[in-house]
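Structure data follow from entry-v8.cif (mmCIF, C-alpha atoms):
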```
data_entry
loop_
_atom_site.group_PDB
_atom_site.id
_atom_site.type_symbol
_atom_site.label_atom_id
_atom_site.label_comp_id
_atom_site.auth_asym_id
_atom_site.auth_seq_id
_atom_site.Cartn_x
_atom_site.Cartn_y
_atom_site.Cartn_z
ATOM 1 C CA MET N 116 18.074 -11.382 76.480
ATOM 2 C CA LYS N 117 16.065 -11.190 73.269
ATOM 3 C CA THR N 118 15.271 -7.689 72.148
ATOM 4 C CA ARG N 119 12.399 -6.227 70.266
ATOM 5 C CA VAL N 120 13.692 -2.758 69.793
ATOM 6 C CA LEU N 121 13.596 -2.370 66.027
ATOM 7 C CA PHE N 122 10.803 -0.303 64.592
ATOM 8 C CA ALA N 123 9.348 0.041 61.596
ATOM 9 C CA GLY N 124 9.626 2.376 61.954
ATOM 10 C CA GLY N 125 9.350 2.452 61.377
ATOM 11 C CA LEU N 126 9.057 4.201 60.667
ATOM 12 C CA ALA N 127 9.309 5.001 57.733
ATOM 13 C CA LEU N 128 6.815 6.839 58.129
ATOM 14 C CA LEU N 129 5.002 7.845 55.161
ATOM 15 C CA ALA N 130 1.591 8.766 54.391
ATOM 16 C CA ALA N 131 -0.589 10.475 51.951
ATOM 17 C CA VAL N 132 1.620 12.087 49.386
ATOM 18 C CA SER N 133 0.268 14.726 47.042
ATOM 19 C CA VAL N 134 1.953 16.712 44.311
ATOM 20 C CA SER N 135 2.050 20.095 46.013
ATOM 21 C CA GLY N 136 2.797 21.797 49.318
ATOM 22 C CA GLN N 137 3.468 20.526 52.798
ATOM 23 C CA THR N 138 1.031 17.827 53.844
ATOM 24 C CA LYS N 139 0.284 16.351 57.262
ATOM 25 C CA THR N 140 0.572 12.593 57.383
ATOM 26 C CA SER N 141 -0.091 9.679 59.704
ATOM 27 C CA GLY N 142 -0.126 5.927 59.515
ATOM 28 C CA THR N 143 0.354 2.668 61.387
ATOM 29 C CA ILE N 144 2.864 -0.031 60.531
ATOM 30 C CA LYS N 145 3.154 -3.506 62.052
ATOM 31 C CA CYS N 146 6.480 -5.325 62.045
ATOM 32 C CA ASN N 147 7.383 -8.972 62.523
ATOM 33 C CA LYS N 148 9.805 -10.226 65.143
ATOM 34 C CA PRO N 149 13.321 -9.099 64.113
ATOM 35 C CA GLU N 150 15.205 -11.601 61.970
ATOM 36 C CA PRO N 151 18.161 -11.573 62.037
ATOM 37 C CA SER N 152 18.984 -10.129 65.454
ATOM 38 C CA TYR N 153 22.564 -9.964 66.714
ATOM 39 C CA ASN N 154 23.279 -9.167 70.381
ATOM 40 C CA ILE N 155 26.787 -8.481 71.656
ATOM 41 C CA GLU N 156 27.534 -7.967 75.359
ATOM 42 C CA VAL N 157 29.641 -4.841 75.864
ATOM 43 C CA GLY N 158 31.113 -6.003 79.198
ATOM 44 C CA ASP N 159 31.481 -2.642 80.917
ATOM 45 C CA ARG N 160 28.448 -3.169 83.181
ATOM 46 C CA PRO N 161 25.755 -5.832 83.606
ATOM 47 C CA GLY N 162 23.044 -5.802 80.954
ATOM 48 C CA HIS N 163 24.830 -3.478 78.511
ATOM 49 C CA MET N 164 24.693 -4.746 74.953
ATOM 50 C CA MET N 165 24.770 -3.564 71.366
ATOM 51 C CA VAL N 166 22.127 -4.948 69.003
ATOM 52 C CA LEU N 167 21.795 -5.048 65.224
ATOM 53 C CA GLU N 168 18.391 -6.120 63.879
ATOM 54 C CA LYS N 169 16.300 -6.272 60.719
ATOM 55 C CA GLU N 170 12.524 -6.651 60.597
ATOM 56 C CA THR N 171 9.918 -6.869 57.852
ATOM 57 C CA CYS N 172 6.781 -4.752 58.099
ATOM 58 C CA THR N 173 3.308 -4.173 56.642
ATOM 59 C CA TRP N 174 1.395 -0.868 56.645
ATOM 60 C CA THR N 175 -2.015 -1.438 58.272
ATOM 61 C CA GLU N 176 -3.403 2.131 58.329
ATOM 62 C CA GLY N 177 -3.120 5.249 56.293
ATOM 63 C CA LEU N 178 -0.406 5.092 53.694
ATOM 64 C CA ALA N 179 -1.955 6.538 50.570
ATOM 65 C CA LEU N 180 0.847 7.921 48.393
ATOM 66 C CA GLY N 181 -0.917 10.022 45.786
ATOM 67 C CA SER N 182 -2.670 7.480 43.569
ATOM 68 C CA ASP N 183 -0.525 4.707 45.081
ATOM 69 C CA LYS N 184 -0.243 3.077 48.511
ATOM 70 C CA ALA N 185 2.682 1.856 50.584
ATOM 71 C CA LYS N 186 2.259 -1.851 51.132
ATOM 72 C CA ASP N 187 5.295 -3.173 52.954
ATOM 73 C CA GLY N 188 8.867 -2.502 53.962
ATOM 74 C CA PHE N 189 11.693 -3.286 56.290
ATOM 75 C CA SER N 190 13.770 -1.577 58.972
ATOM 76 C CA VAL N 191 17.386 -2.059 59.988
ATOM 77 C CA ALA N 192 18.471 -0.608 63.350
ATOM 78 C CA ASN N 193 21.366 -0.502 65.758
ATOM 79 C CA VAL N 194 20.486 -0.304 69.435
ATOM 80 C CA ASP N 195 22.468 0.528 72.567
ATOM 81 C CA MET N 196 20.752 -1.265 75.472
ATOM 82 C CA THR N 197 21.301 -1.033 79.203
ATOM 83 C CA ALA N 198 19.274 -2.447 82.086
ATOM 84 C CA THR N 199 17.158 0.745 82.180
ATOM 85 C CA ARG N 200 17.164 2.218 78.675
ATOM 86 C CA ALA N 201 17.374 1.423 74.965
ATOM 87 C CA SER N 202 18.320 4.014 72.366
ATOM 88 C CA GLY N 203 18.828 3.469 68.716
ATOM 89 C CA SER N 204 18.764 4.658 65.160
ATOM 90 C CA GLY N 205 18.014 3.056 61.857
ATOM 91 C CA THR N 206 16.766 3.191 58.310
ATOM 92 C CA HIS N 207 13.341 2.198 57.046
ATOM 93 C CA VAL N 208 12.505 1.404 53.408
ATOM 94 C CA SER N 209 8.894 1.062 52.207
ATOM 95 C CA THR N 210 7.714 -0.072 48.772
ATOM 96 C CA THR N 211 4.445 1.066 47.184
ATOM 97 C CA GLU N 212 2.039 -1.087 45.199
ATOM 98 C CA GLY N 213 3.403 0.683 42.085
ATOM 99 C CA GLY N 214 7.005 -0.192 42.969
ATOM 100 C CA ASP N 215 8.285 3.211 44.173
ATOM 101 C CA LYS N 216 10.312 3.330 47.392
ATOM 102 C CA ILE N 217 10.637 5.741 50.319
ATOM 103 C CA PHE N 218 13.718 5.957 52.546
ATOM 104 C CA VAL N 219 13.489 7.129 56.159
ATOM 105 C CA ALA N 220 16.057 7.715 58.927
ATOM 106 C CA TYR N 221 14.875 7.454 62.549
ATOM 107 C CA ARG N 222 16.068 7.775 66.174
ATOM 108 C CA TYR N 223 14.354 6.708 69.370
ATOM 109 C CA THR N 224 14.589 5.935 73.082
ATOM 110 C CA ALA N 225 12.649 3.463 75.216
ATOM 111 C CA PRO N 226 12.662 2.521 78.893
ATOM 112 C CA MET N 227 13.787 -0.978 79.920
ATOM 113 C CA LYS N 228 12.452 -2.782 82.974
ATOM 114 C CA ASP N 229 13.038 -6.396 84.003
ATOM 115 C CA GLY N 230 14.577 -7.156 80.595
ATOM 116 C CA LYS N 231 11.549 -5.863 78.679
ATOM 117 C CA VAL N 232 11.404 -2.795 76.496
ATOM 118 C CA GLY N 233 8.658 -0.232 77.103
ATOM 119 C CA ASP N 234 6.999 2.015 74.555
ATOM 120 C CA ALA N 235 9.554 3.715 72.333
ATOM 121 C CA LYS N 236 9.283 7.334 71.208
ATOM 122 C CA GLY N 237 11.297 8.931 68.462
ATOM 123 C CA THR N 238 11.694 11.171 65.451
ATOM 124 C CA TRP N 239 12.060 10.400 61.749
ATOM 125 C CA SER N 240 12.874 12.157 58.485
ATOM 126 C CA TYR N 241 12.704 11.246 54.808
ATOM 127 C CA THR N 242 16.116 10.779 53.204
ATOM 128 C CA GLY N 243 14.829 10.109 49.690
ATOM 129 C CA GLY N 244 12.585 8.150 47.409
ATOM 130 C CA THR N 245 12.266 6.723 43.903
ATOM 131 C CA GLY N 246 9.857 7.386 41.042
ATOM 132 C CA LYS N 247 7.012 9.727 42.024
ATOM 133 C CA LEU N 248 8.505 9.999 45.523
ATOM 134 C CA LYS N 249 11.952 11.183 44.411
ATOM 135 C CA GLY N 250 12.956 14.326 46.306
ATOM 136 C CA ILE N 251 10.453 13.862 49.149
ATOM 137 C CA LYS N 252 11.274 15.965 52.250
ATOM 138 C CA GLY N 253 9.782 16.023 55.724
ATOM 139 C CA GLY N 254 9.653 14.229 59.022
ATOM 140 C CA GLY N 255 7.828 13.783 62.279
ATOM 141 C CA THR N 256 7.437 11.681 65.399
ATOM 142 C CA PHE N 257 6.412 8.119 66.239
ATOM 143 C CA LYS N 258 5.494 5.834 69.119
ATOM 144 C CA THR N 259 6.148 2.084 69.042
ATOM 145 C CA THR N 260 4.591 -0.577 71.255
ATOM 146 C CA PHE N 261 5.950 -4.117 71.496
ATOM 147 C CA GLY N 262 3.975 -7.345 71.657
ATOM 148 C CA GLU N 263 4.883 -10.337 73.803
ATOM 149 C CA ASP N 264 5.418 -12.302 70.568
ATOM 150 C CA GLY N 265 8.255 -10.038 69.384
ATOM 151 C CA THR N 266 6.171 -7.975 66.952
ATOM 152 C CA SER N 267 5.890 -4.193 67.082
ATOM 153 C CA THR N 268 3.280 -1.633 66.066
ATOM 154 C CA THR N 269 4.288 1.939 65.261
ATOM 155 C CA ALA N 270 1.993 4.975 65.021
ATOM 156 C CA VAL N 271 3.546 7.695 62.854
ATOM 157 C CA GLU N 272 2.755 11.421 62.509
ATOM 158 C CA GLY N 273 4.497 14.083 60.475
ATOM 159 C CA GLU N 274 4.594 16.324 57.424
ATOM 160 C CA TYR N 275 6.121 16.068 53.957
ATOM 161 C CA THR N 276 6.692 17.961 50.741
ATOM 162 C CA LEU N 277 7.322 16.446 47.331
ATOM 163 C CA ALA N 278 9.844 17.862 44.892
ATOM 164 C CA GLN N 279 8.208 20.120 42.258
ATOM 165 C CA SER N 280 8.833 17.706 39.402
ATOM 166 C CA ALA N 281 8.015 14.565 41.411
ATOM 167 C CA GLY N 282 4.321 14.577 40.503
ATOM 168 C CA ALA N 283 4.721 15.820 36.928
ATOM 169 C CA ALA N 284 4.119 13.365 34.137
ATOM 170 C CA LYS N 285 7.088 12.742 31.840
ATOM 171 C CA LYS N 286 6.581 13.251 28.124
#
```

Please lay out the structure from this file as structure tokens.
Amino acid sequence: MKTRVLFAGGLALLAAVSVSGQTKTSGTIKCNKPEPSYNIEVGDRPGHMMVLEKETCTWTEGLALGSDKAKDGFSVANVDMTATRASGSGTHVSTTEGGDKIFVAYRYTAPMKDGKVGDAKGTWSYTGGTGKLKGIKGGGTFKTTFGEDGTSTTAVEGEYTLAQSAGAAKK
């Protein structure tokens, strides 16, 4: 059974980043079919498997990061799948046009039916960043839908705050 449970999760889940205060954010990220994808049967009941996947992604909506924009990224996830449910967690990394990175942790659940995964819902939080995004804090929710071709599209909502010195110019 091929899975398409990795998000971009992911999710990663960034958005407009400014230099002050807590800011609402949203965006949409599209991810390719996971490659590589490793599936291991657990053997305790039919259809139970553990999955490790990596997928590459491109932000298609929203992701202004101050004067920069997130352009692409990747997600790595581990998934516990049964015949009726998939649950997982992972890390998403996005890179901006200027070369800064954002790091995101996420968790989700999704229904399974007839070997196919349904829409996944989950939560995410920033775990760090580089350059202007160093010290970013925040998090939110997401919903992922899966295409028949193995791709996924994730809609992200949340809030963030940048570290005080993150937006300051260095002299």

Dump as JSON lines the rows for residues of region 197-231 of chain N within 8 Å of region 247-261 of chain N: closest atom pair and distance in Å with one decimal, all atoms listed in the file counted, ordered by chain and rising residue number.
```
{"residue": "N:Asp215", "atom": "CA", "partner": "N:Leu248", "partner_atom": "CA", "distance": 6.9}
{"residue": "N:Lys216", "atom": "CA", "partner": "N:Leu248", "partner_atom": "CA", "distance": 7.2}
{"residue": "N:Ile217", "atom": "CA", "partner": "N:Leu248", "partner_atom": "CA", "distance": 6.8}
```

Grab the residues selected above and save them as a compact mmCIF listing (two decimals), in the frame of the given file with C-alpha atoms.
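Written output follows (again15.txt):
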```txt
# COMPACT_ATOMS: atom_id res chain seq x y z
CA ASP N 215 8.28 3.21 44.17
CA LYS N 216 10.31 3.33 47.39
CA ILE N 217 10.64 5.74 50.32
```

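CA of Gly205 (chain N) is positioned 14.9 Å from CA of Glu150 (chain N).
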
In Å, how far is it from CA of Val166 (chain N) to CA of Thr199 (chain N)?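 Computing it gives 15.2 Å between the two atoms.
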
Interatomic distance (Å, one decimal) between CA of Asn154 (chain N) and CA of Val208 (chain N): 22.7 Å

For Thr173 (chain N), the nearest of the candidates N:Tyr153, N:Phe189, N:Tyr275, N:Tyr223, counting only C-alpha atoms: N:Phe189

Residue neighbourhood Lys228 (chain N), 8 Å, all atoms listed in the file, exclusion window fewer than 3 positions, as a VMD selection string: chain N and resid 198 to 199 231 to 233

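Shortest atom-to-atom contact with Val219 (chain N) among N:Thr266, N:Thr197, N:Ser190, N:Ser141: N:Ser190, counting only C-alpha atoms.
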
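Distances to Ala278 (chain N) were evaluated for N:Gln137, N:Ile144, N:Ala201, N:Gly158 using all atoms listed in the file, and the minimum falls at N:Gln137.
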
Of the listed residues N:Asp229, N:Asp183, N:Asp195, N:Asp264, that which approaches Thr211 (chain N) most closely, counting all atoms listed in the file: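 The shortest atom-to-atom distance to Thr211 (chain N) comes from N:Asp183.
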
Nearest to Asp187 (chain N): which of N:Pro226, N:Leu167, N:Asn147, N:Glu156 is it, counting only C-alpha atoms?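 Closest to Asp187 (chain N) of all the choices is N:Asn147.
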
Here is a test: counting only C-alpha atoms, which residue of N:Gly188, N:Met164, N:Ser267, N:Cys146 is nearest to Glu212 (chain N)?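 Looking at the shortest contact to Glu212 (chain N), the residue is N:Gly188.
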
Residue IDs satisfying the PyMOL selection byres ((chain N and resi 138) around 7), as a list in words: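 Output of the PyMOL selection byres ((chain N and resi 138) around 7): Gly136, Gln137, Lys139, Thr140, Glu274, Tyr275 and Thr276 of chain N.
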
Apply the PyMOL selection byres ((chain N and resi 193) around 9) to the displayed file and report the matching residues as a count of residues only. 14

Name the residues that the PyMOL selection byres ((chain N and resi 220) around 8) picks from the file above, as a list in words, using the file's chain letters and numbers. Ala127, Ser204, Gly205, Thr206, His207, Phe218, Val219, Tyr221, Arg222, Trp239, Ser240, Tyr241 and Thr242 of chain N

Suppose we keep C-alpha atoms; can you now write the selection as an mmCIF file, in the frame of the given file?
```cif
data_model
loop_
_atom_site.group_PDB
_atom_site.id
_atom_site.type_symbol
_atom_site.label_atom_id
_atom_site.label_comp_id
_atom_site.auth_asym_id
_atom_site.auth_seq_id
_atom_site.Cartn_x
_atom_site.Cartn_y
_atom_site.Cartn_z
ATOM 1 C CA ALA N 127 9.309 5.001 57.733
ATOM 2 C CA SER N 204 18.764 4.658 65.160
ATOM 3 C CA GLY N 205 18.014 3.056 61.857
ATOM 4 C CA THR N 206 16.766 3.191 58.310
ATOM 5 C CA HIS N 207 13.341 2.198 57.046
ATOM 6 C CA PHE N 218 13.718 5.957 52.546
ATOM 7 C CA VAL N 219 13.489 7.129 56.159
ATOM 8 C CA TYR N 221 14.875 7.454 62.549
ATOM 9 C CA ARG N 222 16.068 7.775 66.174
ATOM 10 C CA TRP N 239 12.060 10.400 61.749
ATOM 11 C CA SER N 240 12.874 12.157 58.485
ATOM 12 C CA TYR N 241 12.704 11.246 54.808
ATOM 13 C CA THR N 242 16.116 10.779 53.204
#
```
